[in-house]
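Trainee: The structure file work-v1.pdb (PDB, C-alpha atoms, pLDDT in the B column) is provided below.
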```pdb
MODEL        1
ATOM      1  CA  VAL O   1       0.340-103.476 -42.499  1.00 94.00           C
ATOM      2  CA  GLN O   2      -2.912-101.522 -42.599  1.00 96.00           C
ATOM      3  CA  LEU O   3      -4.827-100.759 -39.411  1.00 97.00           C
ATOM      4  CA  GLN O   4      -8.424 -99.607 -39.057  1.00 96.00           C
ATOM      5  CA  ALA O   5      -9.620 -98.577 -35.607  1.00 96.00           C
ATOM      6  CA  SER O   6     -13.250 -98.272 -34.563  1.00 96.00           C
ATOM      7  CA  GLY O   7     -15.480 -98.233 -31.500  1.00 97.00           C
ATOM      8  CA  GLY O   8     -14.892 -94.787 -30.112  1.00 97.00           C
ATOM      9  CA  GLY O   9     -17.694 -92.523 -28.981  1.00 97.00           C
ATOM     10  CA  LEU O  10     -19.188 -90.417 -26.226  1.00 98.00           C
ATOM     11  CA  VAL O  11     -19.790 -92.032 -22.849  1.00 98.00           C
ATOM     12  CA  GLN O  12     -20.481 -90.853 -19.332  1.00 98.00           C
ATOM     13  CA  ALA O  13     -17.930 -91.266 -16.580  1.00 98.00           C
ATOM     14  CA  GLY O  14     -18.077 -94.776 -15.189  1.00 98.00           C
ATOM     15  CA  GLY O  15     -19.199 -96.221 -18.485  1.00 98.00           C
ATOM     16  CA  SER O  16     -17.494 -98.647 -20.844  1.00 98.00           C
ATOM     17  CA  LEU O  17     -16.350 -98.776 -24.435  1.00 98.00           C
ATOM     18  CA  ARG O  18     -14.655-101.431 -26.523  1.00 98.00           C
ATOM     19  CA  LEU O  19     -12.256-100.360 -29.231  1.00 98.00           C
ATOM     20  CA  SER O  20     -11.420-102.625 -32.146  1.00 98.00           C
ATOM     21  CA  CYS O  21      -8.582-102.532 -34.631  1.00 97.00           C
ATOM     22  CA  ALA O  22      -8.662-104.561 -37.821  1.00 97.00           C
ATOM     23  CA  ALA O  23      -5.221-105.404 -39.200  1.00 96.00           C
ATOM     24  CA  SER O  24      -4.430-106.521 -42.727  1.00 94.00           C
ATOM     25  CA  GLY O  25      -1.334-107.075 -44.803  1.00 93.00           C
ATOM     26  CA  THR O  26       1.819-108.628 -43.349  1.00 90.00           C
ATOM     27  CA  VAL O  27       0.148-109.438 -40.031  1.00 90.00           C
ATOM     28  CA  ARG O  28       2.147-112.627 -39.417  1.00 89.00           C
ATOM     29  CA  SER O  29       5.277-110.501 -39.044  1.00 91.00           C
ATOM     30  CA  ILE O  30       3.792-108.324 -36.312  1.00 91.00           C
ATOM     31  CA  THR O  31       5.795-108.465 -33.084  1.00 92.00           C
ATOM     32  CA  THR O  32       3.788-106.197 -30.809  1.00 95.00           C
ATOM     33  CA  MET O  33       0.404-104.516 -31.022  1.00 96.00           C
ATOM     34  CA  ALA O  34      -0.615-101.612 -28.884  1.00 97.00           C
ATOM     35  CA  TRP O  35      -3.038 -98.803 -28.214  1.00 98.00           C
ATOM     36  CA  TYR O  36      -1.826 -95.251 -27.805  1.00 98.00           C
ATOM     37  CA  ARG O  37      -3.801 -92.121 -27.090  1.00 98.00           C
ATOM     38  CA  GLN O  38      -3.335 -88.414 -27.534  1.00 98.00           C
ATOM     39  CA  ALA O  39      -5.318 -85.793 -25.685  1.00 97.00           C
ATOM     40  CA  PRO O  40      -5.479 -82.165 -26.903  1.00 93.00           C
ATOM     41  CA  GLY O  41      -2.249 -80.354 -26.140  1.00 95.00           C
ATOM     42  CA  LYS O  42      -0.515 -83.484 -24.905  1.00 97.00           C
ATOM     43  CA  LEU O  43       1.978 -85.938 -26.314  1.00 97.00           C
ATOM     44  CA  ARG O  44       0.882 -89.311 -27.596  1.00 97.00           C
ATOM     45  CA  GLU O  45       1.204 -91.893 -24.833  1.00 98.00           C
ATOM     46  CA  LEU O  46       1.181 -95.671 -24.622  1.00 98.00           C
ATOM     47  CA  VAL O  47      -2.018 -97.049 -23.111  1.00 98.00           C
ATOM     48  CA  ALA O  48      -1.516-100.812 -23.425  1.00 98.00           C
ATOM     49  CA  ALA O  49       0.562-103.275 -25.406  1.00 98.00           C
ATOM     50  CA  ILE O  50       0.512-106.990 -26.130  1.00 96.00           C
ATOM     51  CA  THR O  51       3.426-109.036 -27.441  1.00 91.00           C
ATOM     52  CA  GLY O  52       3.703-112.265 -29.385  1.00 78.00           C
ATOM     53  CA  GLY O  53       3.732-114.265 -26.177  1.00 81.00           C
ATOM     54  CA  ASP O  54       0.537-112.513 -25.105  1.00 84.00           C
ATOM     55  CA  ASN O  55       2.408-110.618 -22.449  1.00 94.00           C
ATOM     56  CA  THR O  56       0.679-107.344 -21.692  1.00 97.00           C
ATOM     57  CA  ASN O  57       1.632-104.075 -20.119  1.00 96.00           C
ATOM     58  CA  TYR O  58      -0.457-101.056 -19.227  1.00 98.00           C
ATOM     59  CA  ALA O  59      -0.009 -97.433 -18.354  1.00 98.00           C
ATOM     60  CA  ASP O  60      -0.406 -96.943 -14.618  1.00 98.00           C
ATOM     61  CA  SER O  61      -3.382 -94.676 -15.219  1.00 98.00           C
ATOM     62  CA  VAL O  62      -5.435 -97.472 -16.820  1.00 98.00           C
ATOM     63  CA  LYS O  63      -4.334-100.560 -14.873  1.00 98.00           C
ATOM     64  CA  GLY O  64      -7.311-102.447 -13.518  1.00 98.00           C
ATOM     65  CA  ARG O  65      -9.725-100.631 -15.840  1.00 98.00           C
ATOM     66  CA  PHE O  66      -8.542-101.427 -19.376  1.00 98.00           C
ATOM     67  CA  THR O  67      -7.834-104.810 -20.964  1.00 98.00           C
ATOM     68  CA  ILE O  68      -5.956-105.349 -24.222  1.00 98.00           C
ATOM     69  CA  SER O  69      -6.428-108.527 -26.225  1.00 96.00           C
ATOM     70  CA  ARG O  70      -6.082-109.858 -29.750  1.00 94.00           C
ATOM     71  CA  ASP O  71      -6.947-112.902 -31.791  1.00 89.00           C
ATOM     72  CA  ASN O  72      -4.298-115.530 -32.557  1.00 83.00           C
ATOM     73  CA  ALA O  73      -4.124-114.545 -36.213  1.00 84.00           C
ATOM     74  CA  LYS O  74      -3.193-110.973 -35.200  1.00 81.00           C
ATOM     75  CA  THR O  75      -5.944-109.632 -37.412  1.00 92.00           C
ATOM     76  CA  THR O  76      -7.943-107.989 -34.659  1.00 95.00           C
ATOM     77  CA  LEU O  77      -6.882-106.029 -31.594  1.00 97.00           C
ATOM     78  CA  TRP O  78      -9.263-104.929 -28.873  1.00 98.00           C
ATOM     79  CA  LEU O  79      -9.206-102.563 -25.952  1.00 98.00           C
ATOM     80  CA  GLN O  80     -11.931-103.041 -23.358  1.00 98.00           C
ATOM     81  CA  MET O  81     -12.246 -99.861 -21.348  1.00 98.00           C
ATOM     82  CA  ASN O  82     -14.250 -99.919 -18.121  1.00 98.00           C
ATOM     83  CA  ASN O  83     -14.897 -97.305 -15.458  1.00 98.00           C
ATOM     84  CA  LEU O  84     -13.971 -94.558 -17.881  1.00 98.00           C
ATOM     85  CA  LYS O  85     -12.911 -91.195 -16.525  1.00 98.00           C
ATOM     86  CA  PRO O  86     -12.956 -87.736 -18.133  1.00 97.00           C
ATOM     87  CA  GLU O  87      -9.152 -87.845 -18.240  1.00 97.00           C
ATOM     88  CA  ASP O  88      -9.408 -90.821 -20.620  1.00 98.00           C
ATOM     89  CA  THR O  89     -10.744 -88.453 -23.281  1.00 98.00           C
ATOM     90  CA  ALA O  90      -8.411 -88.617 -26.259  1.00 98.00           C
ATOM     91  CA  VAL O  91      -7.945 -89.908 -29.770  1.00 98.00           C
ATOM     92  CA  TYR O  92      -6.968 -93.557 -29.505  1.00 98.00           C
ATOM     93  CA  TYR O  93      -4.593 -95.044 -32.057  1.00 98.00           C
ATOM     94  CA  CYS O  94      -3.927 -98.639 -32.925  1.00 97.00           C
ATOM     95  CA  ASN O  95      -0.255 -99.510 -33.429  1.00 97.00           C
ATOM     96  CA  ALA O  96       1.594-102.507 -34.822  1.00 96.00           C
ATOM     97  CA  TYR O  97       5.345-103.009 -34.625  1.00 95.00           C
ATOM     98  CA  ILE O  98       7.362-105.356 -36.804  1.00 93.00           C
ATOM     99  CA  HIS O  99      10.779-105.941 -35.261  1.00 91.00           C
ATOM    100  CA  ASP O 100      12.274-107.468 -38.439  1.00 90.00           C
ATOM    101  CA  PHE O 101      11.539-104.232 -40.309  1.00 89.00           C
ATOM    102  CA  LEU O 102      12.083-101.911 -37.312  1.00 92.00           C
ATOM    103  CA  GLN O 103       8.843-100.326 -38.427  1.00 93.00           C
ATOM    104  CA  HIS O 104       5.774 -98.981 -36.642  1.00 95.00           C
ATOM    105  CA  TYR O 105       2.402 -98.853 -38.336  1.00 96.00           C
ATOM    106  CA  TRP O 106      -0.504 -96.650 -37.243  1.00 97.00           C
ATOM    107  CA  GLY O 107      -4.242 -96.651 -37.674  1.00 93.00           C
ATOM    108  CA  GLN O 108      -6.244 -93.485 -38.251  1.00 93.00           C
ATOM    109  CA  GLY O 109      -7.407 -92.994 -34.665  1.00 94.00           C
ATOM    110  CA  THR O 110     -10.810 -93.091 -33.016  1.00 97.00           C
ATOM    111  CA  GLN O 111     -12.167 -90.409 -30.682  1.00 98.00           C
ATOM    112  CA  VAL O 112     -13.142 -91.318 -27.139  1.00 98.00           C
ATOM    113  CA  THR O 113     -14.920 -88.646 -25.130  1.00 98.00           C
ATOM    114  CA  VAL O 114     -15.863 -89.186 -21.500  1.00 98.00           C
ATOM    115  CA  SER O 115     -18.255 -86.685 -19.940  1.00 97.00           C
ATOM    116  CA  SER O 116     -18.348 -85.981 -16.226  1.00 94.00           C
TER     117      SER O 116
ENDMDL
END
```
What does this structure look like when you write it as structure tokens?
Mentor:
Amino acid sequence: VQLQASGGGLVQAGGSLRLSCAASGTVRSITTMAWYRQAPGKLRELVAAITGGDNTNYADSVKGRFTISRDNAKTTLWLQMNNLKPEDTAVYYCNAYIHDFLQHYWGQGTQVTVSS
């Protein structure tokens, strides 16, 4: 599976961004897709995930502000981010997990910077 993330940028606090992730390859085998982020000096953390049954889960810090979604073909993953805060500043990574292979796949990351 190959993942290509896009949509990052610089935005003021309170603004919105929409991240996209284009998936190719063995997409039909994907079990879960997710967005992670990593801020400078911090560990990579899960932001939001969506499973095959379209069940979603979010980090407490983004609940009510971020929405994860994907198309039925699992070729595109989105993250709608509203009411952004400076603490959301990080590199955001797209992730796909294939349970049959016990394998995670990562995109290259896209920078999100929120100014106060």
Trainee: For the structure shown, which residues end up in the PyMOL selection byres ((chain O and resi 15) around 12)? Put them as a PyMOL selection string, please?
Mentor: chain O and resi 9-14+16-18+65-66+80-86+88+112-116
Trainee: Go ahead and compute the interatomic distance for atom CA of Lys42 of chain O and atom CA of Ala96 of chain O, in Å to one decimal.
Mentor: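 These two atoms are separated by 21.6 Å.
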Trainee: One decimal, in Å: what's the spacing between atom CA of Leu79 of chain O and atom CA of Pro40 of chain O?
Mentor: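 Computing the Euclidean distance for atom CA of Leu79 of chain O and atom CA of Pro40 of chain O yields 20.8 Å.
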Trainee: Could you check how far atom CA of Gly25 of chain O sits from atom CA of Gln111 of chain O, in Å to one decimal?
Mentor: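 We find that atom CA of Gly25 of chain O and atom CA of Gln111 of chain O lie 24.4 Å from each other.
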Trainee: (-3.7, -98.4, -39.2) in this file's frame - what residues fall within 6 Å of it? Use all atoms listed in the file and give the answer as JSON, numbers by chain.
Mentor: {"O": [2, 3, 4, 106, 107, 108]}
Trainee: Just write the chosen residues, C-alpha atoms, as an mmCIF file, in the frame of the given file.
Mentor:
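So the final result, stored in part20.cif, reads:
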```cif
data_model
loop_
_atom_site.group_PDB
_atom_site.id
_atom_site.type_symbol
_atom_site.label_atom_id
_atom_site.label_comp_id
_atom_site.auth_asym_id
_atom_site.auth_seq_id
_atom_site.Cartn_x
_atom_site.Cartn_y
_atom_site.Cartn_z
ATOM 1 C CA GLN O 2 -2.912 -101.522 -42.599
ATOM 2 C CA LEU O 3 -4.827 -100.759 -39.411
ATOM 3 C CA GLN O 4 -8.424 -99.607 -39.057
ATOM 4 C CA TRP O 106 -0.504 -96.650 -37.243
ATOM 5 C CA GLY O 107 -4.242 -96.651 -37.674
ATOM 6 C CA GLN O 108 -6.244 -93.485 -38.251
#
```
Trainee: Would you pick out the contacts of His104 of chain O at 10 Å or less, using only C-alpha atoms, so that residues sharing its chain but fewer than 4 positions from it are not included, and give the list as a list in words?
Mentor: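 The contact residues come out as Val1, Ile30, Thr32, Met33, Asn95, Ala96, Tyr97, Ile98 and His99 of chain O.
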Trainee: Output the residue selection produced by the PyMOL selection byres ((chain O and resi 36) around 6) on the file above, formatted as a list in words.
Mentor: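 Answer for the PyMOL selection byres ((chain O and resi 36) around 6): Trp35, Arg37, Glu45, Leu46, Val47, Tyr92 and Tyr93 of chain O.
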Trainee: Extending 8 Å beyond the listed atoms of segment 40-54 of chain O on each side, what axis-aligned box results? I want centre and edge lengths in Å to one decimal, as JSON.
Mentor:
```
{"center_x": -0.9, "center_y": -97.3, "center_z": -26.2, "size_x": 25.2, "size_y": 49.9, "size_z": 22.3}
```
Trainee: Just want the 12 Å neighbourhood of Asp71 of chain O, counted on only C-alpha atoms, with same-chain residues fewer than 3 positions away dropped. Output as a ChimeraX atom specification.
Mentor: /O:20-23,27-28,33,50-52,54,68,74-78
Trainee: From the options O:Ala34, O:Val91, O:Gln103, O:Ala59, which residue's atoms come nearest to Ser6 of chain O, counting only C-alpha atoms?
Mentor: O:Val91
Trainee: When distances are computed from all atoms listed in the file, which of O:Tyr105, O:Ser61, O:Thr89, O:Cys94 shows the smallest separation from Ala5 of chain O?
Mentor: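 Using all atoms listed in the file, Ala5 of chain O sits closest to O:Cys94.
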Trainee: With all heavy atoms as the target, complete segment 54-65 of chain O and hand it back as a PDB file, in the coordinates of the input.
Mentor:
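What follows is the written file part_38.pdb:
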```pdb
ATOM      1  N   ASP O  54       1.735-112.978 -25.810  1.00 84.00           N
ATOM      2  CA  ASP O  54       0.537-112.513 -25.105  1.00 84.00           C
ATOM      3  C   ASP O  54       0.869-111.884 -23.750  1.00 84.00           C
ATOM      4  O   ASP O  54       0.020-111.848 -22.858  1.00 84.00           O
ATOM      5  CB  ASP O  54      -0.503-113.619 -24.928  1.00 84.00           C
ATOM      6  CG  ASP O  54      -1.274-113.895 -26.220  1.00 84.00           C
ATOM      7  OD1 ASP O  54      -1.208-113.049 -27.124  1.00 84.00           O
ATOM      8  OD2 ASP O  54      -1.919-114.940 -26.307  1.00 84.00           O
ATOM      9  N   ASN O  55       2.090-111.423 -23.627  1.00 94.00           N
ATOM     10  CA  ASN O  55       2.408-110.618 -22.449  1.00 94.00           C
ATOM     11  C   ASN O  55       1.827-109.228 -22.659  1.00 94.00           C
ATOM     12  O   ASN O  55       1.858-108.686 -23.763  1.00 94.00           O
ATOM     13  CB  ASN O  55       3.921-110.528 -22.260  1.00 94.00           C
ATOM     14  CG  ASN O  55       4.528-111.865 -21.918  1.00 94.00           C
ATOM     15  OD1 ASN O  55       4.031-112.582 -21.070  1.00 94.00           O
ATOM     16  ND2 ASN O  55       5.623-112.210 -22.590  1.00 94.00           N
ATOM     17  N   THR O  56       1.309-108.661 -21.590  1.00 97.00           N
ATOM     18  CA  THR O  56       0.679-107.344 -21.692  1.00 97.00           C
ATOM     19  C   THR O  56       1.314-106.369 -20.719  1.00 97.00           C
ATOM     20  O   THR O  56       1.872-106.767 -19.690  1.00 97.00           O
ATOM     21  CB  THR O  56      -0.819-107.432 -21.390  1.00 97.00           C
ATOM     22  OG1 THR O  56      -1.008-107.979 -20.083  1.00 97.00           O
ATOM     23  CG2 THR O  56      -1.538-108.315 -22.397  1.00 97.00           C
ATOM     24  N   ASN O  57       1.259-105.109 -21.074  1.00 96.00           N
ATOM     25  CA  ASN O  57       1.632-104.075 -20.119  1.00 96.00           C
ATOM     26  C   ASN O  57       0.719-102.868 -20.326  1.00 96.00           C
ATOM     27  O   ASN O  57       0.202-102.652 -21.430  1.00 96.00           O
ATOM     28  CB  ASN O  57       3.110-103.683 -20.231  1.00 96.00           C
ATOM     29  CG  ASN O  57       3.462-103.057 -21.545  1.00 96.00           C
ATOM     30  OD1 ASN O  57       3.638-103.752 -22.538  1.00 96.00           O
ATOM     31  ND2 ASN O  57       3.561-101.736 -21.565  1.00 96.00           N
ATOM     32  N   TYR O  58       0.506-102.151 -19.248  1.00 98.00           N
ATOM     33  CA  TYR O  58      -0.457-101.056 -19.227  1.00 98.00           C
ATOM     34  C   TYR O  58       0.154 -99.808 -18.603  1.00 98.00           C
ATOM     35  O   TYR O  58       1.005 -99.887 -17.717  1.00 98.00           O
ATOM     36  CB  TYR O  58      -1.683-101.452 -18.398  1.00 98.00           C
ATOM     37  CG  TYR O  58      -2.456-102.616 -18.953  1.00 98.00           C
ATOM     38  CD1 TYR O  58      -2.143-103.923 -18.580  1.00 98.00           C
ATOM     39  CD2 TYR O  58      -3.497-102.413 -19.859  1.00 98.00           C
ATOM     40  CE1 TYR O  58      -2.850-104.995 -19.100  1.00 98.00           C
ATOM     41  CE2 TYR O  58      -4.209-103.483 -20.375  1.00 98.00           C
ATOM     42  CZ  TYR O  58      -3.883-104.768 -19.993  1.00 98.00           C
ATOM     43  OH  TYR O  58      -4.584-105.822 -20.503  1.00 98.00           O
ATOM     44  N   ALA O  59      -0.338 -98.681 -19.040  1.00 98.00           N
ATOM     45  CA  ALA O  59      -0.009 -97.433 -18.354  1.00 98.00           C
ATOM     46  C   ALA O  59      -0.605 -97.487 -16.955  1.00 98.00           C
ATOM     47  O   ALA O  59      -1.687 -98.058 -16.749  1.00 98.00           O
ATOM     48  CB  ALA O  59      -0.577 -96.243 -19.119  1.00 98.00           C
ATOM     49  N   ASP O  60       0.086 -96.911 -16.003  1.00 98.00           N
ATOM     50  CA  ASP O  60      -0.406 -96.943 -14.618  1.00 98.00           C
ATOM     51  C   ASP O  60      -1.809 -96.360 -14.506  1.00 98.00           C
ATOM     52  O   ASP O  60      -2.622 -96.820 -13.702  1.00 98.00           O
ATOM     53  CB  ASP O  60       0.548 -96.164 -13.711  1.00 98.00           C
ATOM     54  CG  ASP O  60       1.855 -96.900 -13.468  1.00 98.00           C
ATOM     55  OD1 ASP O  60       1.912 -98.122 -13.715  1.00 98.00           O
ATOM     56  OD2 ASP O  60       2.825 -96.250 -13.028  1.00 98.00           O
ATOM     57  N   SER O  61      -2.097 -95.379 -15.319  1.00 98.00           N
ATOM     58  CA  SER O  61      -3.382 -94.676 -15.219  1.00 98.00           C
ATOM     59  C   SER O  61      -4.572 -95.537 -15.639  1.00 98.00           C
ATOM     60  O   SER O  61      -5.714 -95.191 -15.328  1.00 98.00           O
ATOM     61  CB  SER O  61      -3.345 -93.410 -16.072  1.00 98.00           C
ATOM     62  OG  SER O  61      -3.093 -93.717 -17.432  1.00 98.00           O
ATOM     63  N   VAL O  62      -4.321 -96.649 -16.345  1.00 98.00           N
ATOM     64  CA  VAL O  62      -5.435 -97.472 -16.820  1.00 98.00           C
ATOM     65  C   VAL O  62      -5.425 -98.877 -16.239  1.00 98.00           C
ATOM     66  O   VAL O  62      -6.340 -99.659 -16.495  1.00 98.00           O
ATOM     67  CB  VAL O  62      -5.449 -97.560 -18.359  1.00 98.00           C
ATOM     68  CG1 VAL O  62      -5.436 -96.164 -18.982  1.00 98.00           C
ATOM     69  CG2 VAL O  62      -4.311 -98.404 -18.894  1.00 98.00           C
ATOM     70  N   LYS O  63      -4.410 -99.215 -15.458  1.00 98.00           N
ATOM     71  CA  LYS O  63      -4.334-100.560 -14.873  1.00 98.00           C
ATOM     72  C   LYS O  63      -5.578-100.849 -14.042  1.00 98.00           C
ATOM     73  O   LYS O  63      -6.028-100.016 -13.264  1.00 98.00           O
ATOM     74  CB  LYS O  63      -3.093-100.671 -13.990  1.00 98.00           C
ATOM     75  CG  LYS O  63      -1.803-100.872 -14.761  1.00 98.00           C
ATOM     76  CD  LYS O  63      -0.615-101.000 -13.821  1.00 98.00           C
ATOM     77  CE  LYS O  63       0.674-101.173 -14.610  1.00 98.00           C
ATOM     78  NZ  LYS O  63       1.866-101.217 -13.727  1.00 98.00           N
ATOM     79  N   GLY O  64      -6.118-102.045 -14.244  1.00 98.00           N
ATOM     80  CA  GLY O  64      -7.311-102.447 -13.518  1.00 98.00           C
ATOM     81  C   GLY O  64      -8.610-102.000 -14.156  1.00 98.00           C
ATOM     82  O   GLY O  64      -9.691-102.431 -13.744  1.00 98.00           O
ATOM     83  N   ARG O  65      -8.514-101.123 -15.175  1.00 98.00           N
ATOM     84  CA  ARG O  65      -9.725-100.631 -15.840  1.00 98.00           C
ATOM     85  C   ARG O  65      -9.767-101.041 -17.313  1.00 98.00           C
ATOM     86  O   ARG O  65     -10.845-101.273 -17.852  1.00 98.00           O
ATOM     87  CB  ARG O  65      -9.800 -99.108 -15.747  1.00 98.00           C
ATOM     88  CG  ARG O  65      -9.837 -98.576 -14.329  1.00 98.00           C
ATOM     89  CD  ARG O  65     -10.108 -97.058 -14.310  1.00 98.00           C
ATOM     90  NE  ARG O  65      -9.052 -96.293 -14.945  1.00 98.00           N
ATOM     91  CZ  ARG O  65      -9.246 -95.474 -15.984  1.00 98.00           C
ATOM     92  NH1 ARG O  65     -10.458 -95.328 -16.505  1.00 98.00           N
ATOM     93  NH2 ARG O  65      -8.227 -94.801 -16.510  1.00 98.00           N
TER      94      ARG O  65
END
```
